[in-house]
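**Student:** For reference, the file final-v2.json (JSON, C-alpha atoms) is included below:
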[["chain", "number", "residue", "atom", "x", "y", "z"],
["A", 1, "MET", "CA", 0.00, 0.00, 0.00],
["A", 2, "ILE", "CA", 1.36, 3.41, -1.00],
["A", 3, "HIS", "CA", 1.18, 5.94, 1.75],
["A", 4, "ARG", "CA", 0.99, 9.61, 0.75],
["A", 5, "SER", "CA", 1.80, 12.14, 3.36],
["A", 6, "HIS", "CA", -0.56, 15.04, 3.62],
["A", 7, "HIS", "CA", 1.72, 17.43, 5.34],
["A", 8, "PRO", "CA", 0.69, 21.06, 5.28],
["A", 9, "HIS", "CA", 4.24, 21.86, 4.20],
["A", 10, "SER", "CA", 3.81, 20.09, 0.88],
["A", 11, "ARG", "CA", 0.85, 22.33, -0.02],
["A", 12, "TRP", "CA", 2.76, 25.40, 1.05],
["A", 13, "GLY", "CA", 5.61, 24.27, -1.19],
["A", 14, "GLU", "CA", 3.24, 23.95, -4.16],
["A", 15, "ARG", "CA", 1.76, 27.36, -3.44],
["A", 16, "GLY", "CA", 5.24, 28.81, -3.11],
["A", 17, "VAL", "CA", 6.23, 27.46, -6.52],
["A", 18, "ALA", "CA", 3.01, 28.73, -8.10],
["A", 19, "THR", "CA", 3.57, 32.16, -6.53],
["A", 20, "LEU", "CA", 7.14, 32.19, -7.81],
["A", 21, "VAL", "CA", 5.99, 31.30, -11.34],
["A", 22, "VAL", "CA", 3.36, 34.06, -11.30],
["A", 23, "LEU", "CA", 5.92, 36.58, -10.03],
["A", 24, "MET", "CA", 8.33, 35.56, -12.79],
["A", 25, "PHE", "CA", 5.61, 36.06, -15.42],
["A", 26, "LEU", "CA", 4.80, 39.46, -13.96],
["A", 27, "PHE", "CA", 8.47, 40.39, -14.01],
["A", 28, "LEU", "CA", 8.81, 39.30, -17.64],
["A", 29, "MET", "CA", 5.69, 41.27, -18.62],
["A", 30, "MET", "CA", 6.98, 44.39, -16.88],
["A", 31, "ALA", "CA", 10.36, 44.04, -18.60],
["A", 32, "PHE", "CA", 8.61, 43.64, -21.95],
["A", 33, "ILE", "CA", 6.45, 46.72, -21.34],
["A", 34, "TRP", "CA", 9.43, 48.79, -20.23],
["A", 35, "THR", "CA", 11.48, 47.74, -23.27],
["A", 36, "ASN", "CA", 8.62, 48.56, -25.66],
["A", 37, "SER", "CA", 8.06, 51.91, -23.99],
["A", 38, "ALA", "CA", 11.73, 52.82, -24.33],
["A", 39, "ALA", "CA", 11.76, 51.74, -27.99],
["A", 40, "LEU", "CA", 8.64, 53.79, -28.75],
["A", 41, "SER", "CA", 10.19, 56.81, -27.09],
["A", 42, "ARG", "CA", 13.31, 56.49, -29.24],
["A", 43, "LEU", "CA", 11.22, 56.02, -32.38],
["A", 44, "LYS", "CA", 9.16, 59.09, -31.55],
["A", 45, "SER", "CA", 12.28, 61.24, -31.18],
["A", 46, "ASP", "CA", 13.73, 59.80, -34.40],
["A", 47, "LEU", "CA", 10.49, 60.56, -36.24],
["A", 48, "ARG", "CA", 10.54, 64.12, -34.92],
["A", 49, "LEU", "CA", 14.12, 64.52, -36.16],
["A", 50, "VAL", "CA", 13.26, 63.13, -39.62],
["A", 51, "GLU", "CA", 10.25, 65.45, -39.82],
["A", 52, "GLN", "CA", 12.38, 68.47, -38.96],
["A", 53, "ARG", "CA", 14.95, 67.51, -41.60],
["A", 54, "GLN", "CA", 12.25, 67.03, -44.24],
["A", 55, "LEU", "CA", 10.64, 70.37, -43.43],
["A", 56, "LYS", "CA", 14.02, 72.09, -43.62],
["A", 57, "LYS", "CA", 14.88, 70.35, -46.90],
["A", 58, "TYR", "CA", 11.65, 71.05, -48.77],
["A", 59, "GLN", "CA", 10.71, 74.44, -47.38],
["A", 60, "ALA", "CA", 11.78, 77.27, -49.68],
["A", 61, "PRO", "CA", 13.53, 80.19, -48.00],
["A", 62, "GLY", "CA", 10.95, 82.72, -46.86],
["A", 63, "ALA", "CA", 8.04, 80.47, -47.82],
["A", 64, "THR", "CA", 5.16, 79.97, -45.48],
["A", 65, "ASN", "CA", 2.42, 77.43, -45.22],
["A", 66, "ALA", "CA", -0.19, 80.03, -46.11],
["A", 67, "ALA", "CA", -2.17, 79.60, -49.31],
["A", 68, "PRO", "CA", -1.07, 81.87, -52.15],
["A", 69, "LEU", "CA", -3.12, 85.02, -52.56],
["A", 70, "ARG", "CA", -5.39, 85.15, -55.58],
["A", 71, "ALA", "CA", -6.17, 88.21, -57.57],
["A", 72, "ARG", "CA", -9.67, 89.54, -57.04],
["A", 73, "PRO", "CA", -12.07, 88.88, -59.86],
["A", 74, "PRO", "CA", -13.11, 92.02, -61.67],
["A", 75, "ALA", "CA", -16.13, 93.75, -60.24],
["A", 76, "VAL", "CA", -19.29, 93.17, -62.24],
["A", 77, "GLN", "CA", -20.57, 96.34, -63.83],
["A", 78, "PRO", "CA", -24.31, 96.67, -64.22],
["A", 79, "MET", "CA", -25.36, 96.92, -67.82],
["A", 80, "ALA", "CA", -26.76, 100.25, -69.01],
["A", 81, "PRO", "CA", -30.35, 100.13, -70.34]]
Give the structure from this file in structure tokens form.
**Tutor:**
Amino acid sequence: MIHRSHHPHSRWGERGVATLVVLMFLFLMMAFIWTNSAALSRLKSDLRLVEQRQLKKYQAPGATNAAPLRARPPAVQPMAP
């Protein structure tokens, strides 16, 4: 006959291992989130730099983003009877 011991310490050991596994998963998730956040921050600054370079490259000296002014259409003269 096989005798299994039902010591409270064996359950605590199982719970300890499960807790350790959960903590490891949480640690890995936090590391992943932190790494992604840092990468996104670097990409955002790189994108800002590229945008500034493109604006500097394609913007003519003295040019603005305003629409060009159009000449007014000639005023309509009423016809004489």
**Student:** Please report the interatomic distance between atom CA of A:Arg15 and atom CA of A:Ile33 in Å with one decimal.
**Tutor:**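 These atoms are spaced 26.8 Å apart.
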**Student:** So how far away is atom CA of A:Val21 from atom CA of A:Ala39, in Å?
**Tutor:**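 Computing it gives 27.0 Å between the two atoms.
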**Student:** Take atom CA of A:Val17 and atom CA of A:Asn36 and report the distance between them in Å, one decimal.
**Tutor:**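 So the answer is 28.6 Å.
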